[in-house]
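**Q** Next comes the structure file model-v7.csv, holding CSV, C-alpha atoms.
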```
chain,number,residue,atom,x,y,z
A,1393,MET,CA,-27.1,-26.8,-50.4
A,1394,THR,CA,-25.7,-25.1,-47.3
A,1395,VAL,CA,-27.1,-26.0,-43.9
A,1396,VAL,CA,-28.1,-22.8,-42.2
A,1397,ALA,CA,-29.7,-24.4,-39.2
A,1398,ASN,CA,-29.9,-27.8,-37.5
A,1399,GLY,CA,-32.1,-27.8,-34.4
A,1400,VAL,CA,-34.0,-30.3,-32.4
A,1401,ALA,CA,-37.8,-30.5,-32.9
A,1402,GLY,CA,-39.3,-33.0,-30.5
A,1403,ASN,CA,-37.5,-36.3,-31.2
A,1404,TYR,CA,-36.5,-35.1,-34.6
A,1405,HIS,CA,-34.0,-32.7,-36.1
A,1406,LEU,CA,-35.1,-29.8,-38.3
A,1407,LEU,CA,-32.6,-29.0,-41.0
A,1408,LYS,CA,-32.9,-25.7,-42.9
A,1409,LEU,CA,-30.9,-25.5,-46.1
A,1410,THR,CA,-30.3,-22.8,-48.7
A,1411,PRO,CA,-28.6,-23.1,-52.1
A,1412,ALA,CA,-24.9,-22.7,-51.7
A,1413,ASP,CA,-24.6,-20.7,-54.9
A,1414,GLY,CA,-27.2,-18.2,-53.9
A,1415,ARG,CA,-29.7,-19.3,-56.5
A,1416,VAL,CA,-33.5,-19.2,-55.8
A,1417,LEU,CA,-34.9,-22.5,-54.8
A,1418,PRO,CA,-36.9,-24.2,-57.6
A,1419,GLU,CA,-40.6,-24.6,-57.5
A,1420,MET,CA,-41.6,-27.5,-55.3
A,1421,GLU,CA,-45.0,-29.1,-54.5
A,1422,PRO,CA,-46.2,-30.5,-51.2
A,1423,GLY,CA,-45.6,-34.2,-51.1
A,1424,GLN,CA,-42.5,-34.1,-53.3
A,1425,PHE,CA,-39.2,-35.2,-51.7
A,1426,VAL,CA,-35.4,-34.8,-52.0
A,1427,GLU,CA,-32.6,-37.3,-52.2
A,1428,VAL,CA,-29.8,-36.3,-49.8
A,1429,ASP,CA,-26.2,-37.5,-50.2
A,1430,ILE,CA,-24.8,-38.3,-46.8
A,1431,PRO,CA,-21.6,-36.3,-46.5
A,1432,ASP,CA,-18.3,-37.9,-45.4
A,1433,SER,CA,-20.0,-41.3,-44.6
A,1434,LYS,CA,-17.9,-44.5,-45.0
A,1435,VAL,CA,-20.9,-46.8,-44.3
A,1436,THR,CA,-23.8,-45.0,-46.1
A,1437,PHE,CA,-23.5,-45.2,-49.9
A,1438,LEU,CA,-27.0,-44.4,-51.1
A,1439,ARG,CA,-28.8,-41.1,-50.9
A,1440,ARG,CA,-31.6,-40.8,-48.3
A,1441,PRO,CA,-35.2,-39.8,-49.4
A,1442,ILE,CA,-36.6,-37.0,-47.2
A,1443,SER,CA,-40.0,-35.4,-47.5
A,1444,ILE,CA,-40.1,-31.6,-48.1
A,1445,ASN,CA,-41.3,-30.2,-44.8
A,1446,ASN,CA,-41.6,-26.6,-45.9
A,1447,ILE,CA,-40.3,-24.0,-48.3
A,1448,ASP,CA,-39.6,-20.5,-46.8
A,1449,GLY,CA,-39.6,-18.2,-49.7
A,1450,GLY,CA,-38.6,-15.2,-47.6
A,1451,ASP,CA,-35.4,-16.9,-46.4
A,1452,ASN,CA,-35.0,-19.0,-49.5
A,1453,THR,CA,-34.7,-22.1,-47.3
A,1454,LEU,CA,-35.8,-25.7,-47.6
A,1455,TRP,CA,-36.9,-27.4,-44.4
A,1456,LEU,CA,-36.3,-31.2,-43.8
A,1457,LEU,CA,-37.7,-32.9,-40.7
A,1458,VAL,CA,-35.4,-35.9,-40.0
A,1459,ARG,CA,-36.0,-38.8,-37.6
A,1460,ASN,CA,-32.9,-40.6,-36.5
A,1461,ALA,CA,-33.6,-44.1,-37.7
A,1462,GLY,CA,-30.3,-45.4,-39.0
A,1463,ALA,CA,-26.8,-44.6,-40.0
A,1464,GLY,CA,-27.8,-42.2,-42.8
A,1465,THR,CA,-30.4,-40.2,-40.9
A,1466,ALA,CA,-28.1,-40.2,-37.8
A,1467,ALA,CA,-25.4,-38.5,-39.9
A,1468,LEU,CA,-27.9,-35.9,-41.1
A,1469,CYS,CA,-29.1,-35.2,-37.5
A,1470,ASN,CA,-25.5,-34.6,-36.5
A,1471,ILE,CA,-24.5,-32.4,-39.4
A,1472,GLU,CA,-23.1,-29.0,-38.4
A,1473,THR,CA,-24.5,-25.6,-39.4
A,1474,GLY,CA,-22.4,-24.3,-42.3
A,1475,SER,CA,-21.9,-27.7,-43.8
A,1476,VAL,CA,-22.7,-28.3,-47.5
A,1477,VAL,CA,-24.8,-31.3,-48.6
A,1478,ASN,CA,-25.7,-32.4,-52.1
A,1479,ILE,CA,-29.3,-33.0,-52.8
A,1480,LEU,CA,-31.6,-33.9,-55.8
A,1481,THR,CA,-34.8,-32.0,-55.8
A,1482,PRO,CA,-37.7,-31.7,-56.5
A,1483,LEU,CA,-38.5,-35.4,-57.0
A,1484,GLY,CA,-41.8,-37.3,-57.4
A,1485,ASN,CA,-45.4,-36.1,-57.6
A,1486,GLY,CA,-47.2,-34.3,-54.8
A,1487,PHE,CA,-50.6,-33.8,-53.2
A,1488,SER,CA,-53.6,-32.1,-54.8
A,1489,THR,CA,-54.0,-28.6,-53.5
A,1490,ASP,CA,-57.5,-27.7,-54.9
A,1491,ALA,CA,-59.7,-29.2,-52.2
A,1492,ALA,CA,-62.2,-26.8,-50.6
A,1493,LYS,CA,-62.4,-28.6,-47.3
A,1494,PRO,CA,-59.4,-31.0,-46.8
A,1495,LEU,CA,-58.5,-33.2,-43.9
A,1496,LEU,CA,-54.8,-33.8,-43.4
A,1497,ILE,CA,-53.7,-36.8,-41.4
A,1498,GLY,CA,-50.2,-37.6,-40.3
A,1499,GLY,CA,-48.5,-40.1,-38.1
A,1500,GLY,CA,-44.9,-39.9,-36.6
A,1501,VAL,CA,-42.5,-38.4,-39.1
A,1502,GLY,CA,-45.2,-38.7,-41.7
A,1503,ILE,CA,-46.5,-35.3,-40.4
A,1504,ALA,CA,-43.5,-33.7,-42.2
A,1505,PRO,CA,-45.0,-33.0,-45.7
A,1506,LEU,CA,-48.3,-31.8,-44.2
A,1507,LEU,CA,-46.9,-28.5,-43.0
A,1508,TYR,CA,-46.0,-27.3,-46.5
A,1509,LEU,CA,-49.3,-28.8,-47.8
A,1510,ALA,CA,-51.3,-26.8,-45.2
A,1511,ARG,CA,-49.4,-23.6,-46.0
A,1512,LYS,CA,-50.2,-24.1,-49.7
A,1513,TYR,CA,-53.9,-24.4,-48.8
A,1514,ASN,CA,-53.6,-21.2,-46.8
A,1515,ARG,CA,-52.4,-19.4,-49.9
A,1516,ASN,CA,-55.7,-20.5,-51.5
A,1517,LYS,CA,-57.6,-19.0,-48.5
A,1518,VAL,CA,-58.3,-22.5,-47.1
A,1519,ARG,CA,-57.6,-23.4,-43.5
A,1520,PRO,CA,-57.4,-27.2,-43.4
A,1521,THR,CA,-58.2,-29.5,-40.5
A,1522,LEU,CA,-55.3,-31.7,-39.3
A,1523,ILE,CA,-55.1,-34.9,-37.2
A,1524,LEU,CA,-51.6,-35.6,-36.0
A,1525,GLY,CA,-50.8,-38.8,-34.3
A,1526,ALA,CA,-47.9,-40.4,-32.5
A,1527,ARG,CA,-46.9,-42.7,-29.7
A,1528,SER,CA,-46.5,-39.8,-27.2
A,1529,ARG,CA,-46.2,-36.1,-27.1
A,1530,GLY,CA,-42.4,-36.2,-27.6
A,1531,ASP,CA,-42.9,-37.8,-31.0
A,1532,LEU,CA,-44.8,-34.8,-32.4
A,1533,ALA,CA,-42.7,-31.9,-33.8
A,1534,LEU,CA,-43.5,-28.4,-34.9
A,1535,ILE,CA,-46.8,-28.2,-32.9
A,1536,ASP,CA,-46.9,-24.4,-32.9
A,1537,GLU,CA,-46.2,-24.2,-36.7
A,1538,PHE,CA,-49.1,-26.6,-37.4
A,1539,LYS,CA,-51.5,-24.7,-35.2
A,1540,ALA,CA,-50.7,-21.5,-37.1
A,1541,VAL,CA,-51.8,-23.0,-40.4
A,1542,GLY,CA,-54.8,-25.2,-39.5
A,1543,ASP,CA,-57.3,-26.5,-37.0
A,1544,VAL,CA,-55.2,-29.3,-35.3
A,1545,PHE,CA,-56.4,-32.4,-33.4
A,1546,PHE,CA,-53.9,-34.7,-31.7
A,1547,THR,CA,-54.0,-38.4,-30.9
A,1548,THR,CA,-51.3,-40.2,-28.9
A,1549,GLU,CA,-51.2,-43.8,-27.9
A,1550,ASP,CA,-50.3,-43.0,-24.3
A,1551,GLY,CA,-52.8,-40.1,-24.0
A,1552,SER,CA,-50.0,-37.6,-23.3
A,1553,LEU,CA,-51.5,-35.2,-25.9
A,1554,GLY,CA,-55.0,-34.9,-27.3
A,1555,GLU,CA,-57.2,-38.0,-27.5
A,1556,LYS,CA,-55.8,-41.4,-26.5
A,1557,GLY,CA,-55.7,-43.8,-29.4
A,1558,PHE,CA,-55.1,-43.7,-33.1
A,1559,VAL,CA,-55.8,-41.1,-35.7
A,1560,THR,CA,-58.7,-43.1,-37.1
A,1561,MET,CA,-60.4,-42.8,-33.6
A,1562,SER,CA,-60.3,-39.0,-33.6
A,1563,ASP,CA,-63.6,-37.2,-33.3
A,1564,ALA,CA,-62.4,-35.0,-36.2
A,1565,PHE,CA,-62.3,-38.0,-38.6
A,1566,THR,CA,-65.7,-37.5,-40.2
A,1567,SER,CA,-67.4,-37.3,-43.6
A,1568,ASP,CA,-67.4,-33.5,-43.5
A,1569,TYR,CA,-64.5,-33.2,-45.9
A,1570,ASP,CA,-64.1,-33.4,-49.7
A,1571,LEU,CA,-60.5,-34.9,-49.5
A,1572,ILE,CA,-58.4,-36.7,-47.0
A,1573,GLN,CA,-54.6,-36.6,-47.4
A,1574,CYS,CA,-52.4,-38.8,-45.4
A,1575,CYS,CA,-48.8,-39.7,-44.7
A,1576,GLY,CA,-47.4,-42.0,-42.1
A,1577,PRO,CA,-46.6,-45.7,-41.3
A,1578,MET,CA,-48.2,-48.1,-43.8
A,1579,PRO,CA,-50.6,-49.8,-41.3
A,1580,MET,CA,-51.9,-46.3,-40.3
A,1581,MET,CA,-52.4,-45.2,-43.9
A,1582,LYS,CA,-54.2,-48.4,-44.8
A,1583,ALA,CA,-56.5,-47.9,-41.8
A,1584,VAL,CA,-57.1,-44.3,-42.9
A,1585,ALA,CA,-57.9,-45.5,-46.4
A,1586,ASP,CA,-60.3,-48.1,-45.2
A,1587,ARG,CA,-62.2,-45.5,-43.1
A,1588,ALA,CA,-62.2,-43.0,-46.0
A,1589,ARG,CA,-63.9,-45.6,-48.2
A,1590,ILE,CA,-66.5,-46.4,-45.5
A,1591,ILE,CA,-67.4,-42.7,-45.0
A,1592,GLY,CA,-67.2,-42.0,-48.7
A,1593,VAL,CA,-64.4,-39.4,-48.9
A,1594,GLU,CA,-61.7,-39.3,-51.6
A,1595,CYS,CA,-58.3,-40.1,-50.1
A,1596,GLU,CA,-54.7,-39.5,-51.1
A,1597,VAL,CA,-51.7,-41.2,-49.4
A,1598,SER,CA,-48.0,-40.5,-49.6
A,1599,LEU,CA,-46.1,-43.8,-49.5
A,1600,GLU,CA,-42.8,-44.2,-47.8
A,1601,ASN,CA,-41.5,-47.3,-49.5
A,1602,MET,CA,-37.7,-48.0,-49.5
A,1603,MET,CA,-36.1,-45.8,-52.2
A,1604,ALA,CA,-32.6,-45.8,-53.5
A,1605,CYS,CA,-32.3,-43.8,-56.7
A,1606,GLY,CA,-35.4,-41.6,-56.5
A,1607,LEU,CA,-35.7,-41.6,-60.2
A,1608,GLY,CA,-37.5,-44.8,-61.1
A,1609,ALA,CA,-34.4,-46.7,-62.3
A,1610,CYS,CA,-33.6,-49.2,-59.5
A,1611,LEU,CA,-37.2,-50.5,-59.1
A,1612,CYS,CA,-36.7,-51.1,-55.3
A,1613,CYS,CA,-39.7,-49.0,-54.3
A,1614,VAL,CA,-42.5,-50.6,-56.4
A,1615,GLU,CA,-46.1,-50.9,-55.2
A,1616,LYS,CA,-48.9,-52.9,-56.7
A,1617,ASP,CA,-51.6,-50.9,-58.4
A,1618,ASN,CA,-55.3,-51.9,-58.7
A,1619,ASN,CA,-54.5,-53.8,-61.9
A,1620,GLY,CA,-51.8,-55.8,-60.2
A,1621,HIS,CA,-49.0,-54.0,-62.0
A,1622,ASN,CA,-45.9,-52.6,-60.3
A,1623,VAL,CA,-45.6,-48.8,-60.1
A,1624,CYS,CA,-42.5,-46.9,-58.9
A,1625,VAL,CA,-43.4,-45.0,-55.8
A,1626,CYS,CA,-40.5,-42.5,-56.4
A,1627,SER,CA,-41.4,-41.5,-59.9
A,1628,GLU,CA,-45.2,-42.1,-60.2
A,1629,GLY,CA,-45.8,-41.2,-56.5
A,1630,PRO,CA,-45.1,-40.9,-53.7
A,1631,VAL,CA,-48.6,-39.6,-53.6
A,1632,PHE,CA,-51.4,-41.8,-54.9
A,1633,ASN,CA,-55.2,-41.7,-54.8
A,1634,ILE,CA,-56.1,-44.9,-52.9
A,1635,ASN,CA,-58.3,-46.0,-55.8
A,1636,ARG,CA,-55.2,-46.5,-57.9
A,1637,LEU,CA,-53.6,-48.9,-55.3
A,1638,SER,CA,-54.3,-52.6,-54.7
A,1639,TRP,CA,-55.3,-51.8,-51.1
```
When written as structure tokens, how does the structure in this file appear?

**A**
Amino acid sequence: MTVVANGVAGNYHLLKLTPADGRVLPEMEPGQFVEVDIPDSKVTFLRRPISINNIDGGDNTLWLLVRNAGAGTAALCNIETGSVVNILTPLGNGFSTDAAKPLLIGGGVGIAPLLYLARKYNRNKVRPTLILGARSRGDLALIDEFKAVGDVFFTTEDGSLGEKGFVTMSDAFTSDYDLIQCCGPMPMMKAVADRARIIGVECEVSLENMMACGLGACLCCVEKDNNGHNVCVCSEGPVFNINRLSW
């Protein structure tokens, strides 16, 4: 893939890539991810899993929203336009897209897959509600893009944007939906899952366990299911209905 743009979005970098050989991007579903090989790195040997942020069919571009969290993601944030990166895609299983009234909830960089998910709903003539949370306004990216595809509510821990507090405290988090779909830090997702059970709404979560191969071979990303068995997040997820998990 050729990097056609690398720009700053809040405290993140937004990479836009297109196939280097001119081929059309394969079909990808919201919630799936890519494994990116870090080019020219002498300290990063494993690929990095990154959620699919968006697919722009008009420009034949794949968007990746990257947070600088370590050596691998730092290298991606600093990659130059015109560089070529090797990726594996699409990987994993994505979100459902057949809800009539979905509520999408994201925290931090976990908002990334929700943009493509919301746009998929738009194609089905559905405008979802979104609750996007972060520590502060600077930790929220692509605000205008989200507002274009859904009815957006914000929560920030410092009150710099929207309601002060956590996503579970938002006035928009009610039982008026037929499906809640969530991605973000594990404590946040477990809190969302608990509240979803209380209000009686089905819930899907996209797990962000540490992944290495992305293909279910290395077994480093396993999660316990509701029967106590290990499931590979990369190959059987990363999206799961909460009823399947041991939460």

**Q** Within 12 Å of A:Lys1616, counting all atoms listed in the file, which residues show up once you throw out same-chain ones fewer than 2 positions away? Write them as a ChimeraX atom specification, please.

**A** /A:1599,1601,1613-1614,1618-1625,1628,1632,1634-1639

**Q** Taking all atoms listed in the file into account, which of A:Met1602, A:Val1541, A:Ala1492, A:Leu1532 comes nearest A:Arg1511?

**A**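 Of all the options, A:Val1541 lies closest to A:Arg1511.
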
**Q** Could you check which of A:Leu1509, A:Ile1503, A:Leu1468, A:Ala1533 is closest to A:Pro1422, using all atoms listed in the file?

**A**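 The shortest atom-to-atom distance to A:Pro1422 comes from A:Leu1509.
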
**Q** Quick one, how far is atom CA of A:Leu1496 from atom CA of A:Ala1510?

**A** 8.0 Å

**Q** Closest to A:Gly1464 among A:Ser1433, A:Ser1598, A:Asn1403, A:Ser1562, using all atoms listed in the file?

**A**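 The shortest atom-to-atom distance to A:Gly1464 comes from A:Ser1433.
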
**Q** Show me as a ChimeraX atom specification the residues that reach within 12 Å of (-27.7, -25.7, -47.9), counting all atoms listed in the file and using the file's own coordinates.

**A** /A:1393-1398,1407-1417,1428,1451-1456,1471-1479

**Q** Would you list the contacts of A:Ala1583 as an MDAnalysis selection string, taking every protein, DNA or RNA residue within 12 Å and counting only C-alpha atoms, but skipping same-chain residues closer than 5 positions in sequence?

**A** chainID A and resid 1497 1499 1558:1561 1565 1574:1578 1588:1590 1595 1597 1634 1639

**Q** May I have the selected residues written with C-alpha atoms, as a short mmCIF file (atom, residue, chain, number, x, y, z; two decimals), keeping the file's coordinate frame?

**A**
```
data_model
loop_
_atom_site.label_atom_id
_atom_site.label_comp_id
_atom_site.auth_asym_id
_atom_site.auth_seq_id
_atom_site.Cartn_x
_atom_site.Cartn_y
_atom_site.Cartn_z
CA ILE A 1497 -53.70 -36.80 -41.40
CA GLY A 1499 -48.50 -40.10 -38.10
CA PHE A 1558 -55.10 -43.70 -33.10
CA VAL A 1559 -55.80 -41.10 -35.70
CA THR A 1560 -58.70 -43.10 -37.10
CA MET A 1561 -60.40 -42.80 -33.60
CA PHE A 1565 -62.30 -38.00 -38.60
CA CYS A 1574 -52.40 -38.80 -45.40
CA CYS A 1575 -48.80 -39.70 -44.70
CA GLY A 1576 -47.40 -42.00 -42.10
CA PRO A 1577 -46.60 -45.70 -41.30
CA MET A 1578 -48.20 -48.10 -43.80
CA ALA A 1588 -62.20 -43.00 -46.00
CA ARG A 1589 -63.90 -45.60 -48.20
CA ILE A 1590 -66.50 -46.40 -45.50
CA CYS A 1595 -58.30 -40.10 -50.10
CA VAL A 1597 -51.70 -41.20 -49.40
CA ILE A 1634 -56.10 -44.90 -52.90
CA TRP A 1639 -55.30 -51.80 -51.10
#
```

**Q** Let me make sure I understand: among A:Ile1442, A:Leu1506, A:Leu1480, A:Ala1467, which one has the smallest atom-to-atom distance to A:Glu1537 if we use all atoms listed in the file?

**A**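 Residue with the minimum atom-to-atom distance to A:Glu1537: A:Leu1506.
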
**Q** Identify which of the residues A:Gly1525, A:Gly1592, A:Gly1399, A:Gly1423 lies closest to A:Phe1487, counting all atoms listed in the file when measuring atom-to-atom distances.

**A**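 Closest residue, counting all atoms listed in the file: A:Gly1423.
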
**Q** Can you work out the spacing between atom CA of A:Glu1615 and atom CA of A:Thr1481 in Å, to one decimal?

**A** 22.0 Å
